[in-house]
file protein_25.txt (compact mmCIF, C-alpha atoms)
# COMPACT_ATOMS: atom_id res chain seq x y z
CA CYS Z 435 -7.65 3.27 20.98
CA ALA Z 436 -4.17 4.30 19.81
CA ALA Z 437 -3.56 7.15 17.36
CA GLY Z 438 -3.96 5.94 13.78
CA LYS Z 439 -6.42 3.23 14.91
CA PHE Z 440 -10.18 3.16 15.39
CA CYS Z 441 -12.50 1.12 17.55
CA PRO Z 442 -16.17 0.89 16.49
CA SER Z 443 -18.79 0.04 19.11
CA GLY Z 444 -18.32 -3.51 20.38
CA SER Z 445 -14.73 -3.82 19.10
CA THR Z 446 -12.48 -6.51 20.55
CA ARG Z 447 -9.36 -5.16 18.83
CA GLU Z 448 -7.91 -2.00 17.36
CA LEU Z 449 -8.48 -1.65 13.61
CA ASP Z 450 -6.17 0.07 11.14
CA ALA Z 451 -7.46 3.39 9.87
CA GLN Z 452 -8.35 3.53 6.17
CA CYS Z 453 -7.58 7.12 5.20
CA SER Z 454 -7.46 8.08 1.52
CA PRO Z 455 -4.21 9.15 -0.22
CA GLY Z 456 -3.31 12.72 0.70
CA THR Z 457 -4.52 12.28 4.28
CA TYR Z 458 -3.31 10.48 7.39
CA ALA Z 459 -4.88 9.12 10.58
CA ASN Z 460 -3.94 11.09 13.65
CA VAL Z 461 -6.51 10.78 16.43
CA THR Z 462 -9.72 8.95 17.25
CA ASP Z 463 -12.79 11.12 17.69
CA ALA Z 464 -15.76 10.49 19.92
CA ASP Z 465 -17.80 8.35 17.53
CA GLY Z 466 -15.03 5.76 17.19
CA ASP Z 467 -14.16 6.56 13.57
CA PRO Z 468 -10.63 7.63 12.57
CA GLU Z 469 -10.06 11.31 11.90
CA CYS Z 470 -8.19 11.65 8.60
CA LEU Z 471 -6.15 14.85 8.52
CA GLU Z 472 -4.78 16.68 5.50
CA CYS Z 473 -1.18 15.75 4.72
CA PRO Z 474 1.15 18.63 5.65
CA ALA Z 475 3.23 20.47 3.06
CA GLY Z 476 6.61 18.85 2.47
CA SER Z 477 5.32 15.34 3.09
CA SER Z 478 3.40 12.65 1.24
CA CYS Z 479 0.60 10.52 2.67
CA ALA Z 480 -0.08 7.20 0.92
CA GLY Z 481 -3.33 6.66 2.86
CA GLY Z 482 -4.45 3.76 5.03
CA GLY Z 483 -2.90 4.03 8.47
CA ALA Z 484 0.47 5.28 7.21
CA ALA Z 485 2.06 8.35 8.80
CA PRO Z 486 3.28 11.28 6.65
CA ALA Z 487 6.61 10.61 4.86
CA VAL Z 488 8.95 13.59 4.50
CA CYS Z 489 9.83 14.43 0.89
CA SER Z 490 13.48 13.83 -0.01
CA PRO Z 491 15.75 16.46 -1.63
CA GLY Z 492 14.84 16.96 -5.27
CA THR Z 493 11.15 16.58 -4.51
CA ALA Z 494 8.43 18.66 -2.87
CA ALA Z 495 4.76 18.47 -1.91
CA THR Z 496 1.98 20.96 -1.32
CA PRO Z 497 -0.63 20.06 1.34
CA ALA Z 498 -2.85 16.98 0.80
CA GLN Z 499 -0.56 15.17 -1.66
CA GLY Z 500 -0.42 11.38 -1.83
CA GLN Z 501 3.07 11.44 -3.37
CA CYS Z 502 5.97 13.88 -3.42
CA THR Z 503 6.42 15.63 -6.79
CA VAL Z 504 9.82 15.48 -8.48
CA CYS Z 505 11.26 18.93 -9.19
CA GLY Z 506 10.92 19.76 -12.87
CA LEU Z 507 13.61 20.73 -15.35
CA GLY Z 508 15.10 24.10 -14.39
CA THR Z 509 14.25 23.78 -10.70
CA TYR Z 510 15.86 22.18 -7.67
CA GLN Z 511 15.32 21.61 -3.96
CA PRO Z 512 18.29 20.95 -1.63
CA ASP Z 513 16.26 20.30 1.52
CA SER Z 514 14.01 17.55 2.80
CA GLY Z 515 10.39 18.35 3.62
CA ALA Z 516 9.99 21.21 1.14
CA ALA Z 517 6.66 22.56 -0.07
CA GLY Z 518 8.01 23.69 -3.47
CA CYS Z 519 11.03 23.72 -5.79
CA LEU Z 520 13.41 26.65 -6.41
CA GLU Z 521 14.30 28.20 -9.75
CA CYS Z 522 17.83 27.54 -11.02
CA ALA Z 523 20.06 30.62 -11.16
CA PRO Z 524 21.31 31.84 -14.57
CA GLY Z 525 24.44 29.95 -15.65
CA THR Z 526 23.60 26.80 -13.73
CA PHE Z 527 21.92 23.58 -14.81
CA CYS Z 528 19.09 21.76 -13.01
CA PRO Z 529 17.81 18.57 -14.64
CA LYS Z 530 14.57 16.98 -13.46
CA GLY Z 531 14.77 15.88 -9.83
CA SER Z 532 17.74 18.11 -8.96
CA SER Z 533 18.72 18.62 -5.34
CA ALA Z 534 21.37 21.20 -6.27
CA GLN Z 535 22.28 23.76 -8.95
CA LEU Z 536 24.81 22.02 -11.14
CA PRO Z 537 27.94 23.72 -12.50
CA ALA Z 538 29.10 20.56 -14.23
CA SER Z 539 27.43 18.37 -16.83
CA CYS Z 540 27.81 14.64 -16.22
CA PRO Z 541 25.02 12.98 -18.20
CA ALA Z 542 21.95 11.71 -16.37
CA GLY Z 543 22.67 8.36 -14.72
CA PHE Z 544 26.26 9.37 -13.93
CA TYR Z 545 28.00 11.54 -11.31
CA ASN Z 546 31.36 13.17 -10.68
CA GLY Z 547 33.53 10.45 -9.14
CA LYS Z 548 35.87 13.08 -7.74
CA ALA Z 549 33.45 14.51 -5.22
CA PHE Z 550 33.88 18.13 -4.10
CA THR Z 551 36.10 18.97 -7.09
CA THR Z 552 35.22 20.59 -10.38
CA LEU Z 553 34.61 18.10 -13.16
CA GLU Z 554 37.56 18.22 -15.56
CA SER Z 555 36.66 15.41 -17.94
CA LEU Z 556 33.71 13.19 -18.76
CA ASP Z 557 36.07 10.32 -17.90
CA ASP Z 558 35.56 11.35 -14.27
CA CYS Z 559 31.82 10.62 -14.56
CA VAL Z 560 30.95 7.36 -12.77
CA GLY Z 561 27.81 5.30 -13.34
CA CYS Z 562 25.16 5.38 -10.62
CA ALA Z 563 24.88 2.13 -8.62
CA PRO Z 564 21.62 0.13 -8.41
CA GLY Z 565 19.39 1.40 -5.62
CA SER Z 566 20.23 5.05 -6.31
CA PHE Z 567 19.77 7.61 -9.06
CA CYS Z 568 21.97 10.31 -10.56
CA ALA Z 569 20.29 13.35 -12.06
CA GLY Z 570 23.50 14.37 -13.86
CA GLY Z 571 25.63 17.47 -13.65
CA ALA Z 572 27.40 17.76 -10.30
CA ALA Z 573 24.79 15.85 -8.30
CA GLN Z 574 26.05 12.92 -6.27
CA PRO Z 575 24.03 9.65 -6.12
CA THR Z 576 20.78 9.83 -4.18
CA ALA Z 577 19.27 6.72 -2.61
CA CYS Z 578 15.79 5.85 -3.86
CA ALA Z 579 13.02 7.14 -1.63
CA PRO Z 580 10.77 4.63 0.18
CA GLY Z 581 8.41 3.01 -2.31
CA SER Z 582 10.75 3.43 -5.30
CA ILE Z 583 13.57 1.37 -6.79
CA ALA Z 584 16.51 1.55 -9.19
CA PRO Z 585 16.91 -2.08 -10.34
CA SER Z 586 19.92 -1.44 -12.57
CA ALA Z 587 22.98 0.80 -12.79
CA ASN Z 588 23.15 4.22 -14.50
CA MET Z 589 19.57 5.21 -13.72
CA SER Z 590 18.64 8.90 -13.82
CA ALA Z 591 15.48 8.43 -11.73
CA CYS Z 592 14.01 5.81 -9.44
CA GLU Z 593 10.83 3.96 -10.46
CA LEU Z 594 7.75 3.72 -8.28
CA CYS Z 595 6.59 0.23 -7.38
CA PRO Z 596 3.21 -0.36 -9.09
CA ILE Z 597 -0.10 -1.07 -7.35
CA GLY Z 598 -0.23 -4.50 -5.73
CA ARG Z 599 3.52 -4.38 -5.02
CA PHE Z 600 5.86 -2.67 -2.55
CA ALA Z 601 9.55 -1.76 -2.40
CA ALA Z 602 11.14 -4.64 -0.51
CA SER Z 603 14.53 -2.93 -1.04
CA THR Z 604 15.90 -0.07 -3.13
CA THR Z 605 16.38 -2.45 -6.09
CA GLU Z 606 13.32 -4.72 -6.11
CA CYS Z 607 9.51 -4.55 -5.85
CA GLU Z 608 7.66 -7.56 -4.45
CA GLU Z 609 4.00 -8.58 -4.49
CA CYS Z 610 1.96 -7.83 -1.39
CA GLU Z 611 1.39 -10.97 0.67
CA ALA Z 612 -2.06 -12.53 0.98
CA GLY Z 613 -4.06 -10.59 3.56
CA THR Z 614 -2.53 -7.24 2.55
CA TYR Z 615 -2.98 -4.83 -0.36
CA ALA Z 616 -1.40 -1.84 -2.14
CA ALA Z 617 -3.95 0.45 -3.76
CA SER Z 618 -1.51 3.08 -5.05
CA ASP Z 619 1.92 3.27 -6.66
CA GLY Z 620 5.08 3.99 -4.69
CA LEU Z 621 4.47 2.16 -1.39
CA SER Z 622 7.23 0.91 0.90
CA GLN Z 623 4.89 -1.48 2.69
CA CYS Z 624 1.51 -3.09 2.09
CA THR Z 625 -1.54 -2.32 4.21
CA PRO Z 626 -3.26 -5.11 6.18
CA CYS Z 627 -6.78 -5.87 4.99
CA PRO Z 628 -9.58 -4.45 7.15
CA TYR Z 629 -10.97 -7.12 9.50
CA PRO Z 630 -12.40 -9.62 8.59
CA THR Z 631 -11.53 -9.39 4.87
CA GLY Z 632 -8.62 -10.99 3.07
CA SER Z 633 -6.82 -10.85 -0.26
CA ASP Z 634 -4.69 -12.89 -2.62
CA SER Z 635 -1.02 -11.99 -3.10
CA GLY Z 636 -0.54 -8.95 -5.31
CA ASP Z 637 -4.07 -7.60 -4.79
CA VAL Z 638 -4.92 -3.90 -4.93
CA THR Z 639 -7.92 -4.19 -2.58
CA CYS Z 640 -9.48 -6.62 -0.10
CA SER Z 641 -12.72 -8.08 -1.46
CA ILE Z 642 -12.79 -11.63 -0.09
CA CYS Z 643 -13.41 -12.93 3.43
CA LYS Z 644 -10.56 -14.29 5.53
CA GLU Z 645 -10.42 -17.82 6.96
CA GLY Z 646 -13.16 -18.42 9.53
CA PHE Z 647 -15.66 -16.17 7.71
CA TYR Z 648 -17.89 -16.44 4.64
CA LEU Z 649 -19.21 -13.92 2.12
CA GLN Z 650 -22.93 -13.53 2.68
CA ASP Z 651 -23.74 -12.29 -0.85
CA ALA Z 652 -21.50 -13.36 -3.72
CA SER Z 653 -22.94 -10.57 -5.91
CA ALA Z 654 -21.66 -7.82 -3.58
CA LEU Z 655 -19.37 -5.29 -5.25
CA PRO Z 656 -15.66 -5.50 -4.27
CA ASP Z 657 -15.64 -1.83 -3.20
CA ASP Z 658 -18.65 -2.39 -0.92
CA ILE Z 659 -16.98 -5.41 0.69
CA PHE Z 660 -13.84 -3.35 1.33
CA ARG Z 661 -15.71 -0.35 2.76
CA PHE Z 662 -18.19 -2.31 4.90
CA PRO Z 663 -16.39 -5.59 5.70
CA THR Z 664 -18.45 -6.66 8.73
CA GLU Z 665 -21.70 -6.24 6.78
CA HIS Z 666 -20.57 -8.72 4.13
CA CYS Z 667 -18.20 -11.17 5.89
CA LYS Z 668 -19.94 -13.25 8.55
CA ALA Z 669 -18.50 -15.67 11.11
CA CYS Z 670 -18.43 -19.30 10.01
CA PRO Z 671 -21.37 -21.19 11.56
CA PRO Z 672 -20.74 -24.18 13.86
CA ASN Z 673 -19.82 -27.45 12.11
CA ALA Z 674 -18.94 -25.63 8.87
CA ASN Z 675 -15.59 -25.11 7.13
CA CYS Z 676 -14.73 -21.60 5.96
CA ALA Z 677 -11.40 -21.33 4.18
CA THR Z 678 -10.23 -17.97 2.83
CA ASN Z 679 -12.52 -16.75 0.00
CA THR Z 680 -15.51 -18.87 1.08
CA ALA Z 681 -18.96 -17.69 0.02
CA LEU Z 682 -22.34 -18.85 1.33
CA GLU Z 683 -22.75 -21.09 -1.73
CA THR Z 684 -19.37 -22.77 -1.17
CA LEU Z 685 -19.70 -23.17 2.60
CA GLY Z 686 -18.10 -26.49 3.59
CA VAL Z 687 -19.89 -28.90 5.92
CA ARG Z 688 -18.06 -31.25 8.29
CA ARG Z 689 -18.38 -35.00 7.96
CA ASP Z 690 -21.62 -36.43 9.41
CA TYR Z 691 -23.41 -33.06 9.01
CA TRP Z 692 -25.63 -31.69 6.25
CA ARG Z 693 -27.50 -28.57 5.14
CA ALA Z 694 -30.66 -28.36 3.08
CA SER Z 695 -29.43 -25.92 0.41
CA GLU Z 696 -26.55 -23.68 -0.62
CA ARG Z 697 -28.52 -20.63 0.57
CA THR Z 698 -28.80 -21.59 4.24
CA THR Z 699 -26.36 -21.62 7.16
CA GLU Z 700 -28.46 -24.11 9.16
CA ILE Z 701 -26.37 -27.23 9.56
CA HIS Z 702 -27.76 -30.48 11.00
CA LYS Z 703 -26.12 -33.58 12.39
CA CYS Z 704 -26.86 -36.79 10.51
CA ASP Z 705 -28.88 -39.50 12.26
CA ALA Z 706 -30.00 -42.97 11.26
CA SER Z 707 -32.85 -41.62 9.13
CA ASP Z 708 -30.65 -39.18 7.16
CA HIS Z 709 -28.84 -40.01 3.96
CA CYS Z 710 -25.44 -38.46 4.65
CA SER Z 711 -22.37 -39.29 2.66
call {"tool": "encode", "arguments": {"input": "protein_25.txt", "output": "structure tokens"}}
result
Amino acid sequence: CAAGKFCPSGSTRELDAQCSPGTYANVTDADGDPECLECPAGSSCAGGGAAPAVCSPGTAATPAQGQCTVCGLGTYQPDSGAAGCLECAPGTFCPKGSSAQLPASCPAGFYNGKAFTTLESLDDCVGCAPGSFCAGGAAQPTACAPGSIAPSANMSACELCPIGRFAASTTECEECEAGTYAASDGLSQCTPCPYPTGSDSGDVTCSICKEGFYLQDASALPDDIFRFPTEHCKACPPNANCATNTALETLGVRRDYWRASERTTEIHKCDASDHCS
């Protein structure tokens, strides 16, 4: 099994690890389950099978964080992958999310259009373009980090894509496709559903069975289905039709076959004595 995957007994394919936010899958241990390791300082770990993402300048993360924390007012961080933010020196200005100590004072959402020169007039302040943010002062535009967007101009901070959606670009969030999910804010990609579950577009979990399988107990809790998918989603029996989100009660039967009740998977072929329609 590859790193970040796990292979339970009897597996025919590698399965994506399902680590919680603040941890990441690194190796497979002897029992076949993924080992979820604490996210290192200076990185964020969204969970699932995603690898640690290094924090961008202006943000920082202590160990085991699911998201990088934006530096607060009066602090800054010029480097990527930092564990904490630095205090601004006296006589300088550091708005929220600063990656530098600022000697100038362009308002948030704008930057000094004459880079590398001292700001002489507010007329030199230029609006930040979509897809980036400007903290103000002397800071130049910073591209939105993965999982966040700036859909319009003159933004002072990027916005995290909400649960059920991901950052398809630096300006737009899109719904997760069917068969994937996003359980937390600020994701740059959606996580495939654990086999053999499925989901509708925009879902935040996987609590239905994919095509070719049926849900054995329609009263099962969504969280239980997600955590123990093979206990709840069973292979479609012969001569039955199992579209995505099929339950035992809605199991389809092929033409010229029948079953005695909605609670059985025994399917019989019609003969001359049967009343099949």
call {"tool": "residues_around", "arguments": {"input": "protein_25.txt", "residues": "Ser653 of chain Z", "least_positions_apart": "5", "cutoff": "12 Å", "atoms": "only C-alpha atoms", "output": "ChimeraX atom specification"}}
result
/Z:641-642,658-659,666,681-683
call {"tool": "closest_residue", "arguments": {"input": "protein_25.txt", "among": "Z:Gly482, Z:Gly613, Z:Pro628, Z:Gly456", "to": "Glu645 of chain Z", "atoms": "only C-alpha atoms"}}
result
Z:Gly613
call {"tool": "atom_distance", "arguments": {"input": "protein_25.txt", "atom1": "atom CA of Thr576 of chain Z", "atom2": "atom CA of Cys559 of chain Z"}}
result
15.2 Å
call {"tool": "atom_distance", "arguments": {"input": "protein_25.txt", "atom1": "atom CA of Pro663 of chain Z", "atom2": "atom CA of Tyr648 of chain Z"}}
result
11.0 Å
call {"tool": "closest_residue", "arguments": {"input": "protein_25.txt", "among": "Z:Gly500, Z:Gly483, Z:Gly476, Z:Gly581", "to": "Ser622 of chain Z", "atoms": "only C-alpha atoms"}}
result
Z:Gly581
call {"tool": "atom_distance", "arguments": {"input": "protein_25.txt", "atom1": "atom CA of Arg697 of chain Z", "atom2": "atom CA of Ala652 of chain Z"}}
result
11.0 Å
